[in-house]
$ cat work.tsv   # TSV, C-alpha atoms
chain	number	residue	atom	x	y	z
C	694	MET	CA	2.85	-14.45	-18.39
C	695	ALA	CA	1.71	-10.88	-18.00
C	696	ASP	CA	-0.87	-10.12	-15.34
C	697	ARG	CA	-4.48	-9.17	-15.98
C	698	MET	CA	-5.37	-5.52	-16.55
C	699	LYS	CA	-8.05	-3.84	-14.54
C	700	ILE	CA	-10.44	-2.00	-16.83
C	701	ARG	CA	-13.33	0.23	-15.86
C	702	ALA	CA	-15.67	1.55	-18.54
C	703	THR	CA	-18.75	3.60	-17.75
C	704	MET	CA	-21.00	5.99	-19.64
C	705	ALA	CA	-20.96	9.60	-18.45
C	706	GLY	CA	-23.63	11.31	-20.53
C	707	ASP	CA	-22.89	10.40	-24.14
C	708	VAL	CA	-19.20	9.80	-23.54
C	709	ALA	CA	-17.65	6.53	-22.44
C	710	GLU	CA	-15.03	6.95	-19.74
C	711	ILE	CA	-12.47	4.19	-19.82
C	712	LYS	CA	-9.77	3.71	-17.21
C	713	VAL	CA	-7.25	0.96	-17.36
C	714	LEU	CA	-4.56	-0.18	-14.96
C	715	MET	CA	-1.72	-2.22	-16.44
C	716	ALA	CA	0.65	-4.35	-14.40
C	717	HIS	CA	4.07	-3.75	-15.94
C	718	PRO	CA	7.57	-3.06	-14.56
C	719	MET	CA	8.20	-0.27	-17.10
C	720	GLU	CA	11.97	-0.40	-16.68
C	721	ASN	CA	13.53	2.58	-18.43
C	722	GLY	CA	16.95	0.99	-18.92
C	723	GLN	CA	18.72	3.53	-16.74
C	724	ARG	CA	18.24	2.01	-13.34
C	725	LYS	CA	20.88	-0.12	-11.70
C	726	ASP	CA	20.66	-3.05	-9.35
C	727	ALA	CA	23.90	-3.92	-7.53
C	728	GLY	CA	25.91	-2.10	-10.18
C	729	GLN	CA	24.23	-3.91	-13.08
C	730	THR	CA	22.04	-1.96	-15.45
C	731	ILE	CA	18.50	-3.29	-15.45
C	732	PRO	CA	17.60	-3.79	-19.13
C	733	PRO	CA	14.80	-1.66	-20.55
C	734	HIS	CA	11.40	-3.31	-20.44
C	735	PHE	CA	8.44	-1.14	-21.25
C	736	ILE	CA	5.09	-1.04	-23.00
C	737	GLN	CA	5.50	0.29	-26.52
C	738	ASN	CA	2.04	0.09	-28.04
C	739	ILE	CA	-1.45	0.39	-26.70
C	740	SER	CA	-4.66	-0.10	-28.60
C	741	VAL	CA	-8.27	0.34	-27.57
C	742	GLU	CA	-11.23	-1.05	-29.46
C	743	VAL	CA	-14.78	-0.03	-28.57
C	744	GLY	CA	-17.78	-1.76	-30.11
C	745	GLY	CA	-15.58	-3.42	-32.73
C	746	LYS	CA	-13.97	-0.17	-33.84
C	747	MET	CA	-10.35	0.75	-33.22
C	748	VAL	CA	-10.53	4.07	-31.41
C	749	ILE	CA	-7.04	4.49	-30.03
C	750	GLN	CA	-3.64	3.34	-31.16
C	751	GLY	CA	-0.83	4.83	-29.19
C	752	GLN	CA	2.85	4.58	-28.55
C	753	THR	CA	4.36	4.81	-25.11
C	754	GLY	CA	7.93	5.07	-23.95
C	755	THR	CA	10.23	4.83	-20.98
C	756	SER	CA	8.93	7.94	-19.23
C	757	VAL	CA	5.71	6.21	-18.23
C	758	SER	CA	5.59	4.96	-14.63
C	759	ARG	CA	5.50	1.39	-13.43
C	760	ASN	CA	1.98	-0.10	-13.29
C	761	PRO	CA	0.58	2.75	-15.37
C	762	VAL	CA	-2.97	4.05	-15.42
C	763	PHE	CA	-4.48	5.37	-18.65
C	764	GLY	CA	-7.78	7.18	-19.05
C	765	PHE	CA	-9.70	7.69	-22.28
C	766	LYS	CA	-12.94	9.42	-23.21
C	767	VAL	CA	-14.68	7.95	-26.22
C	768	LYS	CA	-17.63	9.40	-28.11
C	769	ASP	CA	-20.23	7.41	-30.07
C	770	ALA	CA	-20.16	4.57	-27.60
C	771	LYS	CA	-23.01	3.07	-25.59
C	772	ALA	CA	-23.57	0.88	-22.59
C	773	GLY	CA	-23.04	-2.76	-23.51
C	774	ASP	CA	-20.32	-2.04	-26.04
C	775	LYS	CA	-17.34	-4.32	-25.78
C	776	VAL	CA	-14.02	-2.72	-24.88
C	777	VAL	CA	-10.84	-4.53	-25.93
C	778	ILE	CA	-7.50	-3.21	-24.74
C	779	THR	CA	-4.11	-4.55	-25.80
C	780	TRP	CA	-0.59	-3.62	-24.89
C	781	ARG	CA	2.64	-4.85	-26.38
C	782	ASP	CA	6.09	-4.29	-24.89
C	783	ASN	CA	9.60	-4.02	-26.28
C	784	LYS	CA	10.29	-7.68	-25.51
C	785	GLY	CA	7.35	-8.74	-27.65
C	786	ASP	CA	5.23	-9.70	-24.68
C	787	SER	CA	1.61	-8.65	-24.88
C	788	ARG	CA	-1.67	-8.84	-23.08
C	789	THR	CA	-5.30	-8.31	-24.10
C	790	ASP	CA	-8.23	-7.83	-21.75
C	791	THR	CA	-11.86	-7.00	-22.34
C	792	THR	CA	-14.86	-5.58	-20.56
C	793	THR	CA	-18.24	-4.15	-21.46
C	794	ILE	CA	-19.28	-0.56	-20.90
C	795	ALA	CA	-21.56	-0.21	-17.90
T	124	MET	CA	24.69	53.28	7.53
T	125	LYS	CA	26.03	50.34	5.58
T	126	ASN	CA	25.94	48.29	8.75
T	127	THR	CA	22.33	49.02	9.54
T	128	ILE	CA	21.27	47.99	6.08
T	129	SER	CA	23.04	44.68	6.21
T	130	ILE	CA	21.62	44.00	9.64
T	131	GLY	CA	18.18	44.81	8.29
T	132	ILE	CA	18.62	42.35	5.48
T	133	ALA	CA	20.00	39.70	7.76
T	134	LEU	CA	17.00	40.05	10.02
T	135	MET	CA	14.62	39.81	7.13
T	136	LEU	CA	16.37	36.74	5.88
T	137	GLY	CA	16.19	35.32	9.34
T	138	VAL	CA	12.45	35.68	9.41
T	139	LEU	CA	11.53	34.97	5.82
T	140	PRO	CA	12.86	31.52	5.03
T	141	PRO	CA	10.76	29.64	7.61
T	142	LEU	CA	7.65	31.43	6.36
T	143	THR	CA	8.20	30.69	2.69
T	144	PHE	CA	9.19	27.18	3.56
T	145	ALA	CA	5.96	26.61	5.44
T	146	GLN	CA	3.94	28.07	2.57
T	147	GLU	CA	5.81	26.02	0.03
T	148	LYS	CA	5.26	22.94	2.09
T	149	ASP	CA	1.51	23.53	2.37
T	150	ALA	CA	1.26	24.23	-1.35
T	151	THR	CA	3.22	21.09	-2.24
T	152	GLU	CA	1.16	19.08	0.15
T	153	ALA	CA	-2.10	20.43	-1.28
T	154	GLU	CA	-0.92	19.60	-4.81
T	155	PHE	CA	0.06	16.13	-3.73
T	156	GLU	CA	-3.29	15.63	-2.04
T	157	LYS	CA	-5.04	16.56	-5.30
T	158	PHE	CA	-2.90	14.09	-7.19
T	159	ARG	CA	-3.51	11.39	-4.63
T	160	THR	CA	-7.28	11.90	-4.72
T	161	GLU	CA	-7.18	11.74	-8.51
T	162	MET	CA	-5.19	8.51	-8.35
T	163	GLU	CA	-7.37	6.96	-5.70
T	164	ASP	CA	-10.08	5.72	-8.04
T	165	SER	CA	-7.54	3.99	-10.22
T	166	ASN	CA	-5.11	2.94	-7.55
T	167	PRO	CA	-2.59	0.38	-8.83
T	168	ALA	CA	-3.21	-1.38	-5.49
T	169	GLU	CA	-6.10	-2.99	-7.39
T	170	LEU	CA	-3.63	-4.94	-9.49
T	171	PHE	CA	-2.22	-6.49	-6.34
T	172	GLU	CA	-5.72	-7.10	-5.04
T	173	MET	CA	-6.62	-9.05	-8.20
T	174	LYS	CA	-3.56	-11.23	-7.76
T	175	GLY	CA	-4.39	-11.67	-4.10
T	176	GLU	CA	-7.88	-12.85	-5.02
T	177	ASP	CA	-6.46	-15.50	-7.33
T	178	ILE	CA	-4.01	-16.67	-4.67
T	179	TRP	CA	-6.75	-16.75	-2.01
T	180	ASN	CA	-8.87	-19.05	-4.15
T	181	GLU	CA	-6.12	-21.28	-5.49
T	182	LYS	CA	-5.33	-24.68	-3.97
T	183	ARG	CA	-1.74	-24.29	-2.83
T	184	GLY	CA	1.00	-25.54	-0.57
T	185	PRO	CA	1.98	-29.06	0.49
T	186	LYS	CA	-1.57	-29.67	1.72
T	187	ASN	CA	-3.08	-28.47	-1.55
T	188	VAL	CA	-5.92	-26.46	-0.05
T	189	SER	CA	-7.04	-22.91	-0.73
T	190	LEU	CA	-7.27	-20.22	1.90
T	191	ALA	CA	-10.86	-19.67	0.74
T	192	GLU	CA	-11.74	-23.14	2.00
T	193	SER	CA	-9.58	-23.18	5.12
T	194	CYS	CA	-8.72	-19.78	6.53
T	195	ASP	CA	-10.89	-18.09	9.14
T	196	LEU	CA	-10.14	-14.38	9.52
T	197	GLY	CA	-12.63	-14.05	12.32
T	198	LYS	CA	-15.80	-13.90	10.23
T	199	GLY	CA	-16.02	-17.58	9.35
T	200	VAL	CA	-13.95	-19.79	7.05
T	201	GLY	CA	-13.21	-18.04	3.77
T	202	VAL	CA	-15.10	-14.85	4.64
T	203	VAL	CA	-13.13	-11.72	3.81
T	204	LYS	CA	-15.84	-9.09	4.02
T	205	GLY	CA	-15.24	-6.81	7.01
T	206	ALA	CA	-12.42	-8.99	8.35
T	207	TYR	CA	-9.57	-6.50	7.93
T	208	ALA	CA	-11.29	-3.63	9.78
T	209	ALA	CA	-12.05	-5.95	12.71
T	210	MET	CA	-8.46	-7.07	13.22
T	211	PRO	CA	-6.30	-7.41	15.24
T	212	ARG	CA	-8.49	-9.83	17.17
T	213	TYR	CA	-8.07	-12.96	19.27
T	214	PHE	CA	-8.00	-16.34	17.51
T	215	ALA	CA	-8.69	-19.27	19.81
T	216	ASP	CA	-7.24	-21.85	17.36
T	217	ALA	CA	-3.90	-20.04	17.43
T	218	GLY	CA	-4.18	-18.92	21.04
T	219	ALA	CA	-3.07	-15.44	20.07
T	220	VAL	CA	-4.16	-11.97	19.07
T	221	MET	CA	-3.27	-11.48	15.43
T	222	ASP	CA	-3.36	-8.72	12.86
T	223	ALA	CA	-4.45	-9.49	9.30
T	224	GLU	CA	-1.01	-10.20	7.87
T	225	ARG	CA	0.03	-12.40	10.78
T	226	ARG	CA	-3.24	-14.30	10.58
T	227	ILE	CA	-2.89	-14.97	6.87
T	228	VAL	CA	0.68	-16.17	7.41
T	229	TRP	CA	-0.65	-18.43	10.17
T	230	CYS	CA	-3.21	-19.89	7.74
T	231	MET	CA	-0.57	-20.41	5.06
T	232	VAL	CA	1.57	-22.34	7.54
T	233	GLU	CA	-1.11	-24.24	9.48
T	234	LYS	CA	-3.67	-24.88	6.75
T	235	GLN	CA	-1.65	-24.98	3.55
T	236	GLY	CA	1.55	-26.38	5.02
T	237	PHE	CA	3.95	-23.68	3.90
T	238	ASN	CA	7.17	-23.22	5.82
T	239	PHE	CA	7.22	-20.06	7.92
T	240	ASP	CA	10.93	-19.45	7.30
T	241	ASP	CA	10.36	-19.50	3.55
T	242	ILE	CA	7.67	-16.82	3.86
T	243	ALA	CA	9.77	-14.78	6.28
T	244	LYS	CA	12.83	-14.84	4.01
T	245	LYS	CA	11.46	-12.02	1.89
T	246	PRO	CA	8.11	-10.87	3.24
T	247	PHE	CA	8.06	-7.36	1.74
T	248	GLN	CA	8.45	-6.00	-1.78
T	249	GLY	CA	11.85	-4.38	-2.29
T	250	ARG	CA	12.60	-1.31	-4.39
T	251	ASN	CA	13.79	-3.31	-7.37
T	252	ASP	CA	11.25	-6.10	-7.20
T	253	THR	CA	8.74	-6.01	-10.02
T	254	SER	CA	6.22	-8.10	-8.14
T	255	ALA	CA	5.07	-8.26	-4.54
T	256	PRO	CA	5.27	-11.36	-2.34
T	257	ASP	CA	2.12	-13.50	-2.21
T	258	ILE	CA	1.44	-12.42	1.35
T	259	THR	CA	1.31	-8.74	0.32
T	260	ASN	CA	-1.15	-9.54	-2.47
T	261	LEU	CA	-3.28	-11.51	-0.04
T	262	VAL	CA	-3.33	-8.73	2.56
T	263	THR	CA	-4.30	-6.23	-0.14
T	264	TYR	CA	-7.14	-8.47	-1.30
T	265	VAL	CA	-8.47	-8.95	2.21
T	266	ALA	CA	-8.11	-5.24	3.07
T	267	MET	CA	-10.06	-4.21	-0.04
T	268	HIS	CA	-13.07	-6.03	1.38
T	269	SER	CA	-13.25	-3.74	4.39
T	270	LYS	CA	-13.37	-0.58	2.32
T	271	GLY	CA	-15.99	1.82	3.66
T	272	MET	CA	-16.35	0.01	6.98
T	273	PRO	CA	-15.56	1.38	10.42
T	274	PHE	CA	-12.56	0.03	12.30
T	275	ALA	CA	-13.86	-2.29	14.96
T	276	VAL	CA	-11.02	-3.83	16.95
T	277	PRO	CA	-12.75	-5.79	19.75
T	278	LEU	CA	-11.13	-4.00	22.68
T	279	ASP	CA	-13.74	-5.41	25.07
T	280	ASP	CA	-12.00	-8.79	24.68
T	281	PRO	CA	-9.50	-8.88	27.58
T	282	LYS	CA	-6.83	-10.56	25.41
T	283	VAL	CA	-7.16	-7.85	22.80
T	284	LYS	CA	-7.12	-5.17	25.48
T	285	ASP	CA	-3.95	-6.72	26.81
T	286	ALA	CA	-2.29	-6.48	23.40
T	287	TYR	CA	-3.52	-2.89	23.15
T	288	LEU	CA	-1.92	-1.95	26.47
T	289	THR	CA	1.33	-3.72	25.57
T	290	GLY	CA	1.33	-1.82	22.27
T	291	LYS	CA	0.87	1.42	24.15
T	292	GLU	CA	3.84	0.61	26.38
T	293	ILE	CA	6.01	-0.24	23.38
T	294	THR	CA	5.30	3.12	21.73
T	295	LYS	CA	6.61	4.82	24.89
T	296	TYR	CA	9.72	2.64	25.26
T	297	ARG	CA	12.88	4.66	24.67
T	298	ALA	CA	16.15	2.95	23.82
T	299	GLY	CA	18.78	2.56	21.13
T	300	PRO	CA	21.67	4.83	20.11
T	301	TYR	CA	19.40	7.90	19.87
T	302	ASP	CA	17.21	7.04	22.83
T	303	PHE	CA	14.12	7.24	20.60
T	304	SER	CA	10.68	5.82	21.19
T	305	CYS	CA	7.82	5.82	18.67
T	306	ASN	CA	6.46	8.75	20.63
T	307	THR	CA	9.60	10.80	20.02
T	308	CYS	CA	8.32	11.15	16.47
T	309	HIS	CA	4.64	10.20	16.76
T	310	GLY	CA	3.59	11.20	20.30
T	311	VAL	CA	2.68	14.87	19.84
T	312	ASP	CA	0.74	16.83	17.25
T	313	GLY	CA	2.31	18.76	14.40
T	314	LYS	CA	5.69	17.05	13.98
T	315	ARG	CA	7.25	16.37	10.66
T	316	ILE	CA	10.42	15.06	9.06
T	317	ARG	CA	11.29	16.73	5.77
T	318	MET	CA	7.93	16.98	3.96
T	319	GLN	CA	6.24	14.18	5.87
T	320	ASN	CA	3.75	14.98	8.57
T	321	LEU	CA	4.07	12.51	11.40
T	322	PRO	CA	0.74	11.40	12.81
T	323	ASN	CA	0.28	11.50	16.58
T	324	ILE	CA	-0.78	7.90	16.98
T	325	SER	CA	-1.88	8.33	20.60
T	326	THR	CA	-4.98	10.32	19.58
T	327	ALA	CA	-8.00	9.13	17.61
T	328	ALA	CA	-7.42	11.81	14.97
T	329	GLY	CA	-3.75	10.85	14.58
T	330	ALA	CA	-4.23	7.10	14.84
T	331	ILE	CA	-6.57	7.05	11.85
T	332	LYS	CA	-3.81	8.75	9.81
T	333	GLY	CA	-1.42	6.03	10.93
T	334	VAL	CA	-3.70	3.19	9.83
T	335	GLN	CA	-5.47	4.77	6.86
T	336	GLY	CA	-4.08	3.92	3.47
T	337	TRP	CA	-2.37	0.69	4.54
T	338	PRO	CA	-1.64	-1.54	2.79
T	339	GLY	CA	-0.48	1.16	0.41
T	340	TYR	CA	0.83	1.51	-3.10
T	341	ARG	CA	3.96	3.57	-3.00
T	342	MET	CA	4.29	5.72	-6.08
T	343	THR	CA	8.03	6.08	-5.52
T	344	GLY	CA	9.17	2.82	-7.03
T	345	GLY	CA	5.67	1.53	-7.74
T	346	ILE	CA	5.62	-1.08	-5.01
T	347	MET	CA	2.95	-2.39	-2.66
T	348	LEU	CA	3.65	-2.35	1.06
T	349	THR	CA	1.73	-3.56	4.09
T	350	HIS	CA	1.15	-2.05	7.51
T	351	GLN	CA	3.56	-4.63	8.92
T	352	TRP	CA	6.23	-3.21	6.64
T	353	ARG	CA	5.49	0.32	7.85
T	354	ILE	CA	5.99	-0.58	11.48
T	355	ASN	CA	9.10	-2.63	10.69
T	356	ASP	CA	10.57	0.30	8.82
T	357	CYS	CA	9.82	2.65	11.71
T	358	PHE	CA	11.74	0.35	14.04
T	359	ARG	CA	14.62	0.78	11.62
T	360	GLN	CA	14.20	4.59	11.65
T	361	GLN	CA	14.20	4.37	15.40
T	362	ARG	CA	17.58	2.57	15.20
T	363	PHE	CA	16.09	-0.47	16.87
T	364	PRO	CA	16.76	-3.98	15.63
T	365	GLU	CA	14.05	-4.85	13.11
T	366	PRO	CA	11.53	-7.26	14.59
T	367	ARG	CA	11.27	-10.81	13.38
T	368	TYR	CA	8.66	-11.04	10.61
T	369	ALA	CA	5.06	-11.19	11.80
T	370	SER	CA	6.13	-10.95	15.42
T	371	GLU	CA	3.89	-10.21	18.37
T	372	VAL	CA	5.38	-6.77	18.89
T	373	ILE	CA	3.93	-5.61	15.58
T	374	THR	CA	0.50	-7.04	16.38
T	375	ASP	CA	0.55	-5.21	19.72
T	376	ILE	CA	1.39	-1.89	18.08
T	377	LEU	CA	-1.25	-2.43	15.40
T	378	THR	CA	-3.80	-3.28	18.08
T	379	TYR	CA	-2.97	-0.05	19.89
T	380	MET	CA	-3.07	2.14	16.78
T	381	THR	CA	-6.07	0.53	15.11
T	382	GLY	CA	-7.91	0.43	18.44
T	383	ASN	CA	-7.36	4.17	18.78
T	384	ALA	CA	-8.88	4.59	15.33
T	385	ASN	CA	-11.96	2.49	16.18
T	386	GLY	CA	-15.26	3.76	14.82
T	387	GLN	CA	-13.65	5.70	11.96
T	388	ILE	CA	-14.13	4.57	8.37
T	389	TYR	CA	-11.44	2.59	6.57
T	390	ASN	CA	-11.03	3.71	2.96
T	391	GLY	CA	-9.36	0.54	1.73
T	392	PRO	CA	-5.82	0.07	0.38
T	393	GLY	CA	-4.27	3.45	-0.23
T	394	ILE	CA	-1.76	5.27	-2.27
T	395	LYS	CA	1.32	6.78	-0.72
T	396	ARG	CA	3.82	9.28	-2.06
$ encode --input "work.tsv" --output "structure tokens"
Amino acid sequence: MADRMKIRATMAGDVAEIKVLMAHPMENGQRKDAGQTIPPHFIQNISVEVGGKMVIQGQTGTSVSRNPVFGFKVKDAKAGDKVVITWRDNKGDSRTDTTTIA
Amino acid sequence: MKNTISIGIALMLGVLPPLTFAQEKDATEAEFEKFRTEMEDSNPAELFEMKGEDIWNEKRGPKNVSLAESCDLGKGVGVVKGAYAAMPRYFADAGAVMDAERRIVWCMVEKQGFNFDDIAKKPFQGRNDTSAPDITNLVTYVAMHSKGMPFAVPLDDPKVKDAYLTGKEITKYRAGPYDFSCNTCHGVDGKRIRMQNLPNISTAAGAIKGVQGWPGYRMTGGIMLTHQWRINDCFRQQRFPEPRYASEVITDILTYMTGNANGQIYNGPGIKR
């Protein structure tokens, strides 16, 4: 089972600043361990919903680091809005976590 | 004529490279510092801390108890706030001075019934490991709860002072194939190896650099490492045999270094290059 994300969402003026940390090995498929290639294992899709609206849908690839951090700025949001973040990786594993904007 | 010119160039070359290298180094370092500061408020160390929190609260081991209900880090059973910055300290129940990692291992063995050898088999996260050992997560969790607090190693306790003085002796002890001591690399100001500045751990200003940012998330490889690991790895760099896991020698060194940093603010788990 994938580990929890750490999400921080705060209002800065009229913009919501969202930062999320994802626990993921992000193997790029080119590393080797004792001569054996470590198979690729990386987050492929990320989506962010704020206040029930999908605001970001993105694709990520193998050039993103292990345990990545993403930051987003979202307009038309307010304190108390629910933030729902989901990632899905190339093995079909996924994880969704939520928070509310402070 | 030709000769003078080539000598002139040779001289210039002789002078220039060190200068440009120093400038380059400072510029790279400044850039890295910016990056590190930027990363600090979303340090992946927090992911390890969250796991550590779960493990701390979970009933585990043959005795099926949680550390939260059994482990005293010096502030009372289960209390983590301020504990990390006040260790190493003396624990009467164990009859020993212990640093945070050693104390948590002690609790896992004595309170939860885990086998020490099992923990010691692989105590640190390796380059290719996608997750850190439980003990690393636990240390990170505990350390996070001393963020913003001054280091306060109780050096007025004679047993702690003793460990401090032993630690000081160890950092001076030269041996091994290169006849190195810790102080060969860390005993004077302004030394570096490649791009890494080596803190002078015998001064208050240097000691804080040696303890700040541990446990730390290492961006190279994306792994979480503890202060115990750092000292272990320096023994390796010193071409000494690596100490047994969680051994007294590490506690002594940590008592010496952290004691020298007393009174200065701990910024919590860090982020390293």
$ atom_distance --input "work.tsv" --atom1 "CA of Gly745 (chain C)" --atom2 "CA of Lys768 (chain C)"
13.8 Å
$ closest_residue --input "work.tsv" --among "C:Phe735, C:Lys725, C:Asp774, C:Trp780" --to "Val713 (chain C)" --atoms "all atoms listed in the file"
C:Trp780
$ closest_residue --input "work.tsv" --among "C:Ile736, C:Ala772, C:Ile749, C:Ala695" --to "Glu720 (chain C)" --atoms "all atoms listed in the file"
C:Ile736
$ residues_around --input "work.tsv" --residues "Lys766 (chain C)" --least-positions-apart "3" --cutoff "9 Å" --atoms "all atoms listed in the file" --output "PyMOL selection string"
chain C and resi 708-712
$ interface_residues --input "work.tsv" --of "chain C" --to "chain T" --cutoff "8 Å" --atoms "all atoms listed in the file" --output "PyMOL selection string"
chain C and resi 697-699+712-718+726+758-762
$ atom_distance --input "work.tsv" --atom1 "CA of Thr289 (chain T)" --atom2 "CA of Asp375 (chain T)"
6.1 Å
$ residues_around --input "work.tsv" --residues "Gly744 (chain C)" --least-positions-apart "3" --cutoff "8 Å" --atoms "all atoms listed in the file" --output "PyMOL selection string"
chain C and resi 770+774-776
$ atom_distance --input "work.tsv" --atom1 "CA of Asn180 (chain T)" --atom2 "CA of Thr793 (chain C)"
24.7 Å
$ closest_residue --input "work.tsv" --among "T:Thr307, T:Ser370, T:Asn320, T:Thr160" --to "Phe239 (chain T)" --atoms "only C-alpha atoms"
T:Ser370
$ residues_around --input "work.tsv" --residues "region 212-214 of chain T" --least-positions-apart "5" --cutoff "7 Å" --atoms "only C-alpha atoms" --output "ChimeraX atom specification"
/T:219-222,276-277,282-283
$ closest_residue --input "work.tsv" --among "T:Tyr287, T:Pro392, T:Gly382, T:Cys305" --to "Asn260 (chain T)" --atoms "all atoms listed in the file"
T:Pro392
$ residues_around --input "work.tsv" --residues "Pro732 (chain C)" --least-positions-apart "4" --cutoff "8 Å" --atoms "all atoms listed in the file" --output "PyMOL selection string"
chain C and resi 720-723
$ residues_near_point --input "work.tsv" --point "(0.3, 10.9, 1.7)" --cutoff "12 Å" --atoms "all atoms listed in the file" --output "number ranges by chain"
T: 151-160, 162-163, 318-322, 332-337, 339-343, 393-396
$ residues_around --input "work.tsv" --residues "Gly773 (chain C)" --least-positions-apart "6" --cutoff "10 Å" --atoms "only C-alpha atoms" --output "mmCIF file with C-alpha atoms, in the frame of the given file"
data_model
loop_
_atom_site.group_PDB
_atom_site.id
_atom_site.type_symbol
_atom_site.label_atom_id
_atom_site.label_comp_id
_atom_site.auth_asym_id
_atom_site.auth_seq_id
_atom_site.Cartn_x
_atom_site.Cartn_y
_atom_site.Cartn_z
ATOM 1 C CA ALA C 702 -15.670 1.550 -18.540
ATOM 2 C CA THR C 703 -18.750 3.600 -17.750
ATOM 3 C CA MET C 704 -21.000 5.990 -19.640
ATOM 4 C CA GLY C 744 -17.780 -1.760 -30.110
ATOM 5 C CA THR C 792 -14.860 -5.580 -20.560
ATOM 6 C CA THR C 793 -18.240 -4.150 -21.460
ATOM 7 C CA ILE C 794 -19.280 -0.560 -20.900
ATOM 8 C CA ALA C 795 -21.560 -0.210 -17.900
#
$ residues_near_point --input "work.tsv" --point "(0.3, -8.4, -27.8)" --cutoff "12 Å" --atoms "only C-alpha atoms" --output "JSON list (two decimals) with C-alpha atoms, in the coordinates of the input"
[["chain", "number", "residue", "atom", "x", "y", "z"],
["C", 694, "MET", "CA", 2.85, -14.45, -18.39],
["C", 695, "ALA", "CA", 1.71, -10.88, -18.00],
["C", 736, "ILE", "CA", 5.09, -1.04, -23.00],
["C", 737, "GLN", "CA", 5.50, 0.29, -26.52],
["C", 738, "ASN", "CA", 2.04, 0.09, -28.04],
["C", 739, "ILE", "CA", -1.45, 0.39, -26.70],
["C", 740, "SER", "CA", -4.66, -0.10, -28.60],
["C", 777, "VAL", "CA", -10.84, -4.53, -25.93],
["C", 778, "ILE", "CA", -7.50, -3.21, -24.74],
["C", 779, "THR", "CA", -4.11, -4.55, -25.80],
["C", 780, "TRP", "CA", -0.59, -3.62, -24.89],
["C", 781, "ARG", "CA", 2.64, -4.85, -26.38],
["C", 782, "ASP", "CA", 6.09, -4.29, -24.89],
["C", 783, "ASN", "CA", 9.60, -4.02, -26.28],
["C", 784, "LYS", "CA", 10.29, -7.68, -25.51],
["C", 785, "GLY", "CA", 7.35, -8.74, -27.65],
["C", 786, "ASP", "CA", 5.23, -9.70, -24.68],
["C", 787, "SER", "CA", 1.61, -8.65, -24.88],
["C", 788, "ARG", "CA", -1.67, -8.84, -23.08],
["C", 789, "THR", "CA", -5.30, -8.31, -24.10],
["C", 790, "ASP", "CA", -8.23, -7.83, -21.75]]
$ closest_residue --input "work.tsv" --among "T:Ala369, T:Lys198, T:Thr378, T:Gln387" --to "Asp240 (chain T)" --atoms "all atoms listed in the file"
T:Ala369
